[in-house]
Amino acid sequence: MTTTVTERREPAGAPPGSGSRRLTERVFRIREFGIIAVLVVFVAITTSIEPSFLNQQNLQFLLINTTVYALLALGETMVVVSRNVDLSIGSILGLSAYVSASMFGHHPGIPIPLVFLIGLGIGLACGMANGFMVAVGRVPSLVVTLATLYIIRGIDILIVGGNEVTAQTLPNSFTNIARATVAGIPYLAIVIAVVIGIGAYYMRAFRSGRELYAIGSNPEAARLAGIPVGKRIFTAFAVSGAIAGVAGVLWAAQYQTIDSTAGTGYELTVISAVVVGGVAIFGGSGSAVGAAVGALLLSSINSALNVLGFPQLWLEAISGFLLLLAITLDRIISVRLMIALRRRSPGVGT
Amino acid sequence: MLALHGATKSFGAVRAVTDGTIDLYAGEAHALLGENGAGKSTMVKILAGVYQPDSGELLIDGTPVSLHNPADAQNAGIAVIYQEPTLFPDLSVAENIFMGRQPLLAGRRIDRRRMHADSAALFSRLGVKLDPGRISRGLSIADQQIVEIAKALSLDARVIVMDEPTAALSATEVARLFDVVATLRSGGAAVLFISHRLEEVFEICQRVTVMRDGRHVLTSELAGLTADDLVRAMVGRQMVERAAGERGVAGEVVLHVEHLTREGVFTDISLDVRAGEIVALAGLVGSGRSEVARAVFGIDRYDAGRVVMRGRQLRRASPTGAMAAGIGFVPEDRRQQGLVMDMSVQQNVALASLARLRQAGLVRSAAERAFAADWAVRLNLKYGRLIDPVSRLSGGNQQKVVLAKWLGRRPALLIVDEPTRGIDIATKAEVHRLLVRLARDGVAILMISSELPEVLHIGDRILVMREGRLTAEFGHEDASEEKIMAAATGQLQEAS
Amino acid sequence: MEPDLNARAAPGPATGSPPAPATGPTGLLRAAARGSVRWETGLFLLVVAIVIFGAVTSPQFLTSGNFFNTGVTSGEIAIMALPMTLIIISGEIDLSVASILGMSSALLGVLWSHHWPMPAIFVMVALLGIVAGLINGLLVTRVGLPSLAVTIGTLALYRGVALILLGANTVSNFPATYTNIGVLPLPHTQIPYNIAIFVVLAVIFGIVLHATATGRSIYAMGASPEAALFAGIRVKRVKTMLYVVSGLVCAMAGVLWTFRLATAVQNNGLGLELDVVAIVLLGGVSIFGGKGTLAGVVLAVIAFAGLQNALLLTNFNQEATGIVIGALLLVSVFAPNAGRLRQGLPPWARGRSGRSGHQSPAVGSGT
């Protein structure tokens with residue numbers, strides 16, 4: 001595994017080491033960070049065809065668009081790495097977006113940090129419910145979060161009624177969050193990038209982070225090793241929920257019109273981004289950085305379609321195809337790796 | 001140093017342990033013996049903190065201790081090496097060793113350099129070369145065990161429980177393991193050694209505890225005891241001298257394998273099995289025997305060569321074709337490969353014969369039941385009800401179910417891979433008698449076994465594989481344990 | 001204790017009663033009498049409770065007109081639940097079902113707007129369903145990918161294809177002979193076409209699952225994929241076939257849906273896959289594979305449709321019925337686990353476990 005922290009868009013260098021170690025490290029780097037190369041290549045090709053792709057306005061738009069998905073990808077990575085899945089993030093985002101944004105209408109002058117806290121709180125509550133059921137009930141997270149996807153969306157619909165939050169009710173200071181830039185780069189994108197970097201570093205360099213990988217790699221062994229599996233999984237879901245809650249507030253700042261359909265379908269897009277970004281669907285490996293880059297790649301494709309004049313509606317098919325491609329390649333690589341490793345380690349004393 | 005007295009443990013209505021008692025002294029290697037179902041693994045799990053005993057007392061250095069979970073056991077200095085190592089395949093070896101206890105830098109960040117250095121130190125103590133940075137996926141079972149042992153060392157474990165550690169090791173690896181045990185003992189640790197292999201028990205252990213039917217029946221020094229004494233304690237009766245049975249005349253060639261090769265796994269395997277003979281395939285674990293068998297049966301593919309059953313060449317990688325040609329295959333791993341644990345006894349027995357049980361295209365459960373009941377009687381199967389999940393049966397009876405499944409097809413060739421692994425002594429004998437009887441009735445049998453007494457006992461011809469090649473062939477008369485071992489380890493010398 | 005190979009079992013019933021997974025109709029009845037089929041019994045009680053609830057809260061609930069409408073609106077989901085049941089029991093999952101429905105609806109619309117004759121369109125749509133299912137099946141069995149990930153990908157891919165096919169257009173000028181399927185019942189009866197098709201398919205799938213060798217093999221491969229392989233079961237072939245059947249059935253459901261709504265539009269059936277999975281799980285099929293009955297799923301279909309309908313009649317916010325569905329889903333997974341704690345994961349999520357011996361045999365593991 002890597003011994004250095006990588007920042008976004010900087011592929012790590014080749015490590016020292018012997019034979020199979022170098023091989024595995026190299027392969028894992030490819031799987032975890034090769035997505036960066038793919039992104040770079042894609043952007044290069046698109047820009048060469050249509051230079052306006054990388055103009056400032058487009059770039060800002062692209063980055064802003066990605067922030068919500070990339071943030072969601074961070075939480076989802078933590079969950080997926082532990083061999084679970086959180087399908088409820090779209091519903092959590094929707095609920096949080098509406099409730100927090102409607103605060104401005106009901107309580108004019110409410111401080112913005114408080115609104116964020118409300119969104120975080122909503123997400124945290126939902127996430128803790130998810131985590132509790134998965135950790136204590138030992139029920140597959142697919143089923144639990146499928147159910148909470150329904151339930152939370154239903155609650156959202158009931159609360160929203162037929163209303164919606166519109167841009168006029170939102171103060172400029174709030175909507176500017178999505179617009180502010182620093183040297184041409186959206187402020188928000190930088191903050192999110194830093195948050196993701198911190199999250200990925202935490203998972204790499206702290207015991208509890210590594211334990212998530214262990215749980216995903218072999219859940220029974222994790223229990224036997226004395227890892228507090230329930231606690232870790234609970235935390236992963238709680239964090240994922242909290243992140244979705246915050247993402248909801250950001251979403252509101254960005255789109256400014258929020259009804260009961262906000263966030264519908266996001267979970268599948270995020271999971272696609274996560275898998276494309278190198279996180280193994282069964283857990284045990286992958287990085288939030290890669291997942292965020294995966295989200296960036298999907299957004300770039302969306303933007304490229306726009307810029308190159310293709311109909312937007314190709315995006316869905318393309319993203320589905322990319323996911324299939326990613327996991328196919330993943331599988332082929334891992335099979336080859338297994339065979340190669342077997343050859344190099346025939347066993348001690350044979 | 002460690003004493004567990006009067007432990008009891010029940011699971012629902014099943015009393016697994018009624019009077020579990022073990023005393024361990026520092027610096028000794030202590031064997032825990034008993035047939036399957038005697039309660040050994042429950043005792044291990046109690047020591048490991050996985051189960052909490054319903055009653056009984058656990059004392060460590062004289063102080064009563066309660067273990068509520070594996071972490072408690074770890075903290076108490078107890079480490080368990082299970083039969084199947086449980087590593088994290090996606091993580092490095094070093095991380096596997098130190099998971100949850102990684103050395104830290106300032107700010108509670110993991111110190112990877114120190115972790116790797118510490119791992120390397122552990123490995124050199126064990127006399128092993130393993131790269132700590134290497135990912136665990138793809139390690140051989142022997143290597144995985146070494147990692148587990150390194151983990152135990154790193155925990156400064158004072159009690160190390162080894163559950164059937166040698167089942168999957170080569171002779172060299174076993175020897176090295178015994179050195180490691182000696183090192184652990186000299187460091188003051190107690191090693192609790194669970195094994196079915198009495199030769200090994202006599203070689204490295206000083207004292208022994210025998211359990212039977214959930215109770216402790218014997219604890220004593222090993223000096224002065226014989227294998228018979230131990231078996232009698234385990235089984236409660238004199239070990240029956242296993243009669244070999246008459247050997248019939250071998251008939252026609254049923255299985256003909258020619259130059260079978262699979263790159264990196266086995267090379268140029270050619271062998272014949274005739275009707276009525278038992279061909280034993282011996283060798284160290286990892287020599288490729290199971291792979292050859294699986295290739296013959298069609299589960300695995302092969303790159304070159306042919307497999308011919310009764311004159312007709314078989315298609316590669318087609319278990320259906322092999323079955324149609326009359327091959328039955330009793331695999332090595334009973335629980336994962338031989339049986340569908342969640343299904344009932346009768347469904348498991350019928351699973352390979354569904355086509356034959358059909359009436360008008362439909363399978364009736366009554367037909368399954370009759371079929372299974374038939375075979376249950378023939379094989380003297382002990383079960384509660386035929387519809388019980390097969391997981392409730394003991395290991396020996398489970399193996400009988402697997403055999404019934406295949407015998408129900410009246411195969412011309414029966415391949416059995418480690419037919420008596422993990423089975424109690426009484427059932428072992430039954431299985432041996434069954435195989436001999438089958439051969440007498442004209443079935444060709446290819447038996448893979450790592451237990452030399454078994455190989456010598458019922459094999460008509462003995463083939464030895466080493467590192468993917470056939471290295472020797474012995475007839476029943478001129479075979480001996482030494483010769484087989486020599487061929488298996490590559491020291492082909494004339495045994496005295 | 002010499003095993004006697006020539007012995008025969010005493011004739012007559014063996015010690016014991018009907019088997020654990022229900023087999024055949026009489027087996028099921030006997031098992032129900034024994035009380036072992038608790039799940040289906042609970043479901044039955046749930047259906048009764050829902051009927052009572054519906055009758056109490058709305059006078060229209062128990063009218064034949066209402067039954068007709070309920071049947072019509074839930075017909076497609078019910079039909080899709082049938083192959084999904086077999087797929088989940090076999091240890092896999094198919095999340096692309098609604099997208100196949102949408103894709104076939106889009107194809108129907110496009111071809112119709114290009115004046116293809118309807119019979120030819122039916123053939124093309126069927127082919128589309130088969131190909132879609134084949135892609136799923138091959139990716140899962142030949143490439144060896146986890147079905148969760150694959151069908152999430154094909155969910156997006158097929159929905160995308162639907163988008164590409166139809167764009168933003170809608171096609172609604174279908175002839176009445178076809179659109180009447182959604183409006184008129186079978187001649188001389190009050191039964192909607194959807195339900196009639198559902199019943200026929202349910203019987204077929206039920207027989208296959210509970211009384212054929214293929215059905216047994218589906219249970220085996222779901223409960224223990226390796227053991228099934230070692231018993232000579234052609235796991236890959238059966239699973240691929242299940243996906244193809246699912247694709248075909250969902251394509252047919254797409255046709256039915258389009259005719260019922262008399263409109264082909266790209267978002268037909270959006271999000272339905274979760275409903276289908278919810279129904280199957282509610283029906284007592286274990287998410288881990290290897291367990292479940294078709295009768296349970298049928299009961300779950302009735303419960304689901306009845307509940308939606310009852311809530312509709314009370315003017316409960318339709319879209320919020322998700323809360324009830326979600327709650328039912330949770331109950332359906334927690335209730336059995338209260339009895340025996342299930343450890344581990346479903347086969348389609350399990351992937352490579354920690355044991356080195358648990359690799360796919362083709363990769364050639366060995367001890």
# chains A, B, ... in the order shown; residues from 1 in each chain; ligands from 1

$ residues_around --residues "region 226-231 of chain A" --least-positions-apart "3" --cutoff "10 Å" --atoms "only C-alpha atoms" --output "PyMOL selection string"
(chain A and resi 82+131-132+134-138+208+211-212+214-215+219-223+234-236) or (chain B and resi 49-50+69-75+99-100)

$ write_last_selection --atoms "N, CA and C atoms" --output "short mmCIF file (atom, residue, chain, number, x, y, z; two decimals), in the first residue's frame"
data_model
loop_
_atom_site.label_atom_id
_atom_site.label_comp_id
_atom_site.auth_asym_id
_atom_site.auth_seq_id
_atom_site.Cartn_x
_atom_site.Cartn_y
_atom_site.Cartn_z
N SER A 82 -15.94 -0.94 3.71
CA SER A 82 -16.21 -1.91 4.76
C SER A 82 -17.16 -3.00 4.30
N GLY A 131 -26.84 2.95 10.45
CA GLY A 131 -25.71 2.26 11.07
C GLY A 131 -26.16 1.32 12.17
N PHE A 132 -27.11 1.78 12.95
CA PHE A 132 -27.60 0.94 14.04
C PHE A 132 -28.20 -0.35 13.50
N VAL A 134 -27.73 -1.81 10.60
CA VAL A 134 -26.77 -2.69 9.94
C VAL A 134 -25.84 -3.33 10.96
N ALA A 135 -25.36 -2.53 11.91
CA ALA A 135 -24.37 -3.04 12.84
C ALA A 135 -25.00 -4.00 13.85
N VAL A 136 -26.13 -3.59 14.39
CA VAL A 136 -26.72 -4.42 15.44
C VAL A 136 -27.53 -5.55 14.83
N GLY A 137 -28.28 -5.24 13.80
CA GLY A 137 -29.15 -6.25 13.23
C GLY A 137 -28.42 -7.24 12.36
N ARG A 138 -27.21 -6.92 11.98
CA ARG A 138 -26.40 -7.76 11.11
C ARG A 138 -27.18 -8.13 9.85
N SER A 208 -8.43 3.32 13.09
CA SER A 208 -9.85 3.05 12.85
C SER A 208 -10.17 3.06 11.36
N GLU A 211 -9.09 -0.19 10.01
CA GLU A 211 -10.00 -1.25 10.44
C GLU A 211 -11.20 -1.35 9.50
N LEU A 212 -11.61 -0.25 8.93
CA LEU A 212 -12.69 -0.31 7.94
C LEU A 212 -12.26 -1.19 6.76
N ALA A 214 -10.08 -3.53 6.89
CA ALA A 214 -10.00 -4.91 7.36
C ALA A 214 -11.38 -5.55 7.37
N ILE A 215 -12.36 -4.79 7.85
CA ILE A 215 -13.72 -5.32 7.91
C ILE A 215 -14.20 -5.68 6.52
N PRO A 219 -14.67 -9.96 6.97
CA PRO A 219 -15.45 -9.58 8.16
C PRO A 219 -15.28 -10.54 9.34
N GLU A 220 -15.21 -11.85 9.04
CA GLU A 220 -15.08 -12.80 10.15
C GLU A 220 -13.73 -12.63 10.83
N ALA A 221 -12.70 -12.47 10.02
CA ALA A 221 -11.38 -12.28 10.61
C ALA A 221 -11.34 -11.00 11.44
N ALA A 222 -12.06 -9.99 10.98
CA ALA A 222 -12.06 -8.73 11.73
C ALA A 222 -12.66 -8.94 13.12
N ARG A 223 -13.73 -9.71 13.16
CA ARG A 223 -14.32 -9.97 14.48
C ARG A 223 -13.37 -10.73 15.36
N PHE A 234 -21.13 1.31 12.32
CA PHE A 234 -22.06 2.35 12.75
C PHE A 234 -21.51 3.72 12.42
N THR A 235 -20.25 3.92 12.75
CA THR A 235 -19.64 5.22 12.49
C THR A 235 -19.59 5.51 11.00
N ALA A 236 -19.24 4.50 10.21
CA ALA A 236 -19.16 4.73 8.76
C ALA A 236 -20.50 5.22 8.22
N GLY B 49 -12.33 -16.72 23.68
CA GLY B 49 -13.24 -15.63 24.00
C GLY B 49 -14.40 -15.51 23.04
N VAL B 50 -14.48 -16.44 22.10
CA VAL B 50 -15.57 -16.37 21.14
C VAL B 50 -16.88 -16.83 21.78
N ASN B 69 -15.03 -11.50 25.00
CA ASN B 69 -14.90 -11.40 23.55
C ASN B 69 -13.45 -11.70 23.19
N PRO B 70 -13.20 -11.86 21.89
CA PRO B 70 -11.83 -12.20 21.48
C PRO B 70 -10.80 -11.18 21.95
N ALA B 71 -11.19 -9.92 22.03
CA ALA B 71 -10.22 -8.92 22.48
C ALA B 71 -9.78 -9.21 23.90
N ASP B 72 -10.70 -9.61 24.76
CA ASP B 72 -10.33 -9.97 26.12
C ASP B 72 -9.32 -11.11 26.13
N ALA B 73 -9.58 -12.09 25.31
CA ALA B 73 -8.67 -13.23 25.26
C ALA B 73 -7.29 -12.78 24.81
N GLN B 74 -7.27 -11.92 23.83
CA GLN B 74 -5.99 -11.40 23.36
C GLN B 74 -5.26 -10.69 24.49
N ASN B 75 -6.00 -9.86 25.20
CA ASN B 75 -5.38 -9.11 26.29
C ASN B 75 -4.89 -10.04 27.40
N MET B 99 -2.89 -5.46 12.87
CA MET B 99 -4.20 -4.79 12.77
C MET B 99 -4.77 -4.51 14.14
N GLY B 100 -5.15 -3.25 14.33
CA GLY B 100 -5.71 -2.88 15.61
C GLY B 100 -4.65 -2.49 16.63
#

$ interface_residues --of "chain B" --to "chain A" --cutoff "6 Å" --atoms "only C-alpha atoms" --output "number ranges by chain"
B: 70-71, 86, 88, 90, 109-110, 134, 138, 140, 172

$ write_last_selection --atoms "N, CA and C atoms" --output "mmCIF file, in the first residue's frame"
data_model
loop_
_atom_site.group_PDB
_atom_site.id
_atom_site.type_symbol
_atom_site.label_atom_id
_atom_site.label_comp_id
_atom_site.auth_asym_id
_atom_site.auth_seq_id
_atom_site.Cartn_x
_atom_site.Cartn_y
_atom_site.Cartn_z
ATOM 1 N N PRO B 70 -13.200 -11.861 21.893
ATOM 2 C CA PRO B 70 -11.827 -12.196 21.481
ATOM 3 C C PRO B 70 -10.801 -11.184 21.948
ATOM 4 N N ALA B 71 -11.195 -9.922 22.032
ATOM 5 C CA ALA B 71 -10.221 -8.922 22.482
ATOM 6 C C ALA B 71 -9.777 -9.211 23.905
ATOM 7 N N THR B 86 -7.254 -16.895 9.099
ATOM 8 C CA THR B 86 -8.195 -15.851 8.746
ATOM 9 C C THR B 86 -7.438 -14.552 8.608
ATOM 10 N N PHE B 88 -6.584 -10.911 6.236
ATOM 11 C CA PHE B 88 -7.238 -9.904 5.412
ATOM 12 C C PHE B 88 -6.534 -9.872 4.058
ATOM 13 N N ASP B 90 -6.787 -8.223 1.346
ATOM 14 C CA ASP B 90 -6.459 -6.979 0.648
ATOM 15 C C ASP B 90 -5.392 -6.166 1.364
ATOM 16 N N ARG B 109 -0.970 8.715 14.301
ATOM 17 C CA ARG B 109 -0.894 8.198 12.946
ATOM 18 C C ARG B 109 -0.063 6.920 12.920
ATOM 19 N N ILE B 110 -0.383 6.063 11.984
ATOM 20 C CA ILE B 110 0.295 4.771 11.949
ATOM 21 C C ILE B 110 1.736 4.931 11.478
ATOM 22 N N ARG B 134 4.082 -7.212 1.465
ATOM 23 C CA ARG B 134 3.375 -7.946 0.432
ATOM 24 C C ARG B 134 1.924 -8.104 0.818
ATOM 25 N N GLY B 138 -3.149 -14.469 -2.047
ATOM 26 C CA GLY B 138 -2.271 -15.305 -2.848
ATOM 27 C C GLY B 138 -1.230 -16.060 -2.044
ATOM 28 N N SER B 140 0.247 -18.951 0.261
ATOM 29 C CA SER B 140 -0.136 -20.338 0.487
ATOM 30 C C SER B 140 -0.624 -20.487 1.923
ATOM 31 N N THR B 172 8.446 -30.437 5.546
ATOM 32 C CA THR B 172 9.412 -29.401 5.922
ATOM 33 C C THR B 172 8.750 -28.329 6.755
#

$ interface_residues --of "chain A" --to "chain C" --cutoff "8 Å" --atoms "only C-alpha atoms" --output "PyMOL selection string"
chain A and resi 137-140+143-144+146-155+157-158+217-221+268+272+281-282+313-324+327-328+331+335+339

$ interface_residues --of "chain B" --to "chain C" --cutoff "6 Å" --atoms "only C-alpha atoms" --output "ChimeraX atom specification"
/B:88-89,286,300,319-320,336-340,352,354,362-363,373-374,377-380,385,387

$ write_last_selection --atoms "N, CA and C atoms" --output "JSON list (two decimals), in the first residue's frame"
[["chain", "number", "residue", "atom", "x", "y", "z"],
["B", 88, "PHE", "N", -6.58, -10.91, 6.24],
["B", 88, "PHE", "CA", -7.24, -9.90, 5.41],
["B", 88, "PHE", "C", -6.53, -9.87, 4.06],
["B", 89, "PRO", "N", -7.15, -10.43, 3.03],
["B", 89, "PRO", "CA", -6.42, -10.59, 1.76],
["B", 89, "PRO", "C", -6.03, -9.28, 1.10],
["B", 286, "GLY", "N", 0.06, -29.51, -1.57],
["B", 286, "GLY", "CA", 0.65, -28.55, -2.49],
["B", 286, "GLY", "C", 1.35, -29.22, -3.65],
["B", 300, "ASP", "N", -11.62, -28.18, -12.81],
["B", 300, "ASP", "CA", -10.53, -27.31, -13.27],
["B", 300, "ASP", "C", -10.21, -27.67, -14.71],
["B", 319, "PRO", "N", -17.78, -31.07, -15.79],
["B", 319, "PRO", "CA", -18.16, -32.04, -14.77],
["B", 319, "PRO", "C", -19.36, -32.88, -15.22],
["B", 320, "THR", "N", -20.25, -32.28, -15.98],
["B", 320, "THR", "CA", -21.40, -33.05, -16.46],
["B", 320, "THR", "C", -20.94, -34.21, -17.33],
["B", 336, "GLN", "N", -17.61, -26.92, 2.17],
["B", 336, "GLN", "CA", -17.80, -25.95, 1.10],
["B", 336, "GLN", "C", -18.08, -26.59, -0.24],
["B", 337, "GLN", "N", -17.48, -27.76, -0.47],
["B", 337, "GLN", "CA", -17.55, -28.35, -1.79],
["B", 337, "GLN", "C", -18.37, -29.63, -1.84],
["B", 338, "GLY", "N", -18.36, -30.35, -0.75],
["B", 338, "GLY", "CA", -19.03, -31.65, -0.80],
["B", 338, "GLY", "C", -20.52, -31.57, -0.51],
["B", 339, "LEU", "N", -20.93, -30.60, 0.30],
["B", 339, "LEU", "CA", -22.31, -30.55, 0.76],
["B", 339, "LEU", "C", -22.87, -29.16, 0.64],
["B", 340, "VAL", "N", -24.17, -29.07, 0.45],
["B", 340, "VAL", "CA", -24.85, -27.79, 0.59],
["B", 340, "VAL", "C", -25.36, -27.76, 2.03],
["B", 352, "ALA", "N", -27.00, -35.16, -6.78],
["B", 352, "ALA", "CA", -26.32, -35.51, -8.02],
["B", 352, "ALA", "C", -27.13, -36.48, -8.86],
["B", 354, "LEU", "N", -30.62, -36.04, -9.50],
["B", 354, "LEU", "CA", -31.95, -35.48, -9.73],
["B", 354, "LEU", "C", -32.54, -35.93, -11.06],
["B", 362, "LEU", "N", -40.74, -33.98, -13.40],
["B", 362, "LEU", "CA", -40.80, -33.35, -12.09],
["B", 362, "LEU", "C", -40.06, -34.20, -11.06],
["B", 363, "VAL", "N", -39.54, -33.50, -10.07],
["B", 363, "VAL", "CA", -38.85, -34.19, -8.98],
["B", 363, "VAL", "C", -39.76, -34.15, -7.76],
["B", 373, "ALA", "N", -33.14, -42.50, 2.08],
["B", 373, "ALA", "CA", -33.32, -43.48, 3.16],
["B", 373, "ALA", "C", -32.59, -44.77, 2.83],
["B", 374, "ASP", "N", -32.70, -45.17, 1.59],
["B", 374, "ASP", "CA", -31.97, -46.34, 1.10],
["B", 374, "ASP", "C", -30.50, -46.27, 1.46],
["B", 377, "VAL", "N", -29.37, -46.34, 5.13],
["B", 377, "VAL", "CA", -29.26, -47.66, 5.73],
["B", 377, "VAL", "C", -27.97, -48.32, 5.28],
["B", 378, "ARG", "N", -27.70, -48.24, 4.01],
["B", 378, "ARG", "CA", -26.52, -48.93, 3.51],
["B", 378, "ARG", "C", -25.24, -48.43, 4.12],
["B", 379, "LEU", "N", -25.20, -47.16, 4.39],
["B", 379, "LEU", "CA", -23.95, -46.60, 4.90],
["B", 379, "LEU", "C", -23.99, -46.42, 6.41],
["B", 380, "ASN", "N", -25.06, -46.91, 7.02],
["B", 380, "ASN", "CA", -25.14, -46.82, 8.47],
["B", 380, "ASN", "C", -25.04, -45.36, 8.93],
["B", 385, "ARG", "N", -33.47, -36.60, 11.44],
["B", 385, "ARG", "CA", -34.50, -36.84, 10.42],
["B", 385, "ARG", "C", -33.86, -36.54, 9.08],
["B", 387, "ILE", "N", -34.92, -34.79, 6.86],
["B", 387, "ILE", "CA", -35.12, -33.42, 6.40],
["B", 387, "ILE", "C", -34.34, -32.42, 7.22]]

$ atom_distance --atom1 "CA of Ser391 (chain B)" --atom2 "CA of Phe193 (chain B)"
25.9 Å

$ atom_distance --atom1 "CA of Phe61 (chain C)" --atom2 "CA of Ala335 (chain C)"
29.2 Å

$ select_by_dssp --residues "region 246-315 of chain B" --states "helix (DSSP H, G or I)" --output "ChimeraX atom specification"
/B:289-297

$ write_last_selection --atoms "C-alpha atoms" --output "CSV table (one decimal), in the first residue's frame"
chain,number,residue,atom,x,y,z
B,289,ARG,CA,-2.8,-34.0,-6.4
B,290,SER,CA,-6.2,-32.4,-5.8
B,291,GLU,CA,-5.7,-30.3,-8.8
B,292,VAL,CA,-5.1,-33.4,-10.9
B,293,ALA,CA,-8.3,-34.9,-9.5
B,294,ARG,CA,-10.3,-31.8,-10.2
B,295,ALA,CA,-9.0,-31.6,-13.7
B,296,VAL,CA,-10.0,-35.2,-14.3
B,297,PHE,CA,-13.4,-34.5,-13.0

$ residues_around --residues "Thr263 (chain C)" --least-positions-apart "3" --cutoff "10 Å" --atoms "only C-alpha atoms" --output "CSV table (one decimal) with C-alpha atoms, in the first residue's frame"
chain,number,residue,atom,x,y,z
C,105,SER,CA,-41.0,0.5,-24.1
C,106,ALA,CA,-38.8,2.9,-25.9
C,108,LEU,CA,-41.7,-0.2,-29.0
C,109,GLY,CA,-42.4,3.5,-29.4
C,170,THR,CA,-43.4,10.3,-26.5
C,171,VAL,CA,-45.3,8.0,-28.7
C,172,SER,CA,-49.0,7.5,-27.9
C,173,ASN,CA,-50.8,6.7,-31.1
C,174,PHE,CA,-51.1,3.0,-30.4
C,179,THR,CA,-54.1,-0.3,-25.5
C,257,TRP,CA,-46.8,-1.1,-19.4
C,258,THR,CA,-46.7,0.9,-22.6
C,259,PHE,CA,-50.1,-0.3,-23.7
C,260,ARG,CA,-51.6,0.2,-20.3
C,266,GLN,CA,-38.2,7.1,-21.8
C,268,ASN,CA,-41.4,4.4,-18.1

$ residues_around --residues "region 102-105 of chain A" --least-positions-apart "5" --cutoff "10 Å" --atoms "only C-alpha atoms" --output "number ranges by chain"
A: 96-97, 110-112, 114-115, 118, 160, 164-166, 168-171, 174, 252, 258

$ write_last_selection --atoms "N, CA and C atoms" --output "compact mmCIF listing (two decimals), in the first residue's frame"
# COMPACT_ATOMS: atom_id res chain seq x y z
N SER A 96 -32.57 16.77 3.65
CA SER A 96 -31.76 17.82 4.25
C SER A 96 -31.83 19.11 3.45
N ALA A 97 -31.82 18.98 2.12
CA ALA A 97 -31.85 20.18 1.28
C ALA A 97 -33.13 20.97 1.54
N ILE A 110 -31.67 33.70 9.82
CA ILE A 110 -31.01 32.61 10.54
C ILE A 110 -29.55 32.51 10.07
N PRO A 111 -28.63 32.35 10.99
CA PRO A 111 -27.22 32.31 10.57
C PRO A 111 -26.95 31.06 9.72
N ILE A 112 -26.11 31.25 8.72
CA ILE A 112 -25.87 30.15 7.79
C ILE A 112 -25.23 28.93 8.45
N LEU A 114 -25.75 27.74 11.22
CA LEU A 114 -26.81 26.99 11.90
C LEU A 114 -27.57 26.13 10.89
N VAL A 115 -27.79 26.70 9.72
CA VAL A 115 -28.49 25.94 8.68
C VAL A 115 -27.67 24.70 8.32
N ILE A 118 -28.11 22.18 10.91
CA ILE A 118 -29.39 21.47 10.81
C ILE A 118 -29.30 20.36 9.76
N VAL A 160 -42.64 18.02 2.49
CA VAL A 160 -42.68 19.02 1.42
C VAL A 160 -44.12 19.35 1.03
N GLU A 164 -42.41 24.01 -2.56
CA GLU A 164 -41.01 23.92 -2.88
C GLU A 164 -40.33 25.17 -2.34
N VAL A 165 -39.06 25.04 -2.17
CA VAL A 165 -38.28 26.21 -1.76
C VAL A 165 -37.77 26.90 -3.02
N THR A 166 -37.96 28.17 -3.11
CA THR A 166 -37.50 28.87 -4.31
C THR A 166 -36.38 29.84 -3.97
N GLN A 168 -35.95 32.89 -4.24
CA GLN A 168 -36.12 34.21 -3.60
C GLN A 168 -36.00 34.13 -2.09
N THR A 169 -36.34 32.96 -1.54
CA THR A 169 -36.31 32.91 -0.08
C THR A 169 -34.89 32.76 0.45
N LEU A 170 -33.96 32.50 -0.43
CA LEU A 170 -32.61 32.22 0.05
C LEU A 170 -31.75 33.49 -0.01
N PRO A 171 -31.08 33.78 1.08
CA PRO A 171 -30.25 34.99 1.09
C PRO A 171 -29.04 34.83 0.18
N PHE A 174 -25.99 32.96 1.22
CA PHE A 174 -26.07 31.51 1.15
C PHE A 174 -25.76 31.01 -0.26
N ALA A 252 -28.67 22.71 -2.00
CA ALA A 252 -29.66 23.79 -1.95
C ALA A 252 -29.04 25.11 -2.38
N ILE A 258 -35.88 23.75 -4.52
CA ILE A 258 -35.86 22.41 -3.94
C ILE A 258 -37.28 21.91 -3.74

$ residues_around --residues "Ala26 (chain B)" --least-positions-apart "3" --cutoff "12 Å" --atoms "only C-alpha atoms" --output "list in words"
Met1, Leu2, Ala3, Asp23, Ala29, His30, Ile60, Asp61, Ala157, Arg158, Val159, Ile160, Leu184, Arg185, Ser186, Gly187, Gly188, Ala189, Ala190, Val191, Leu192 and Gln206 of chain B
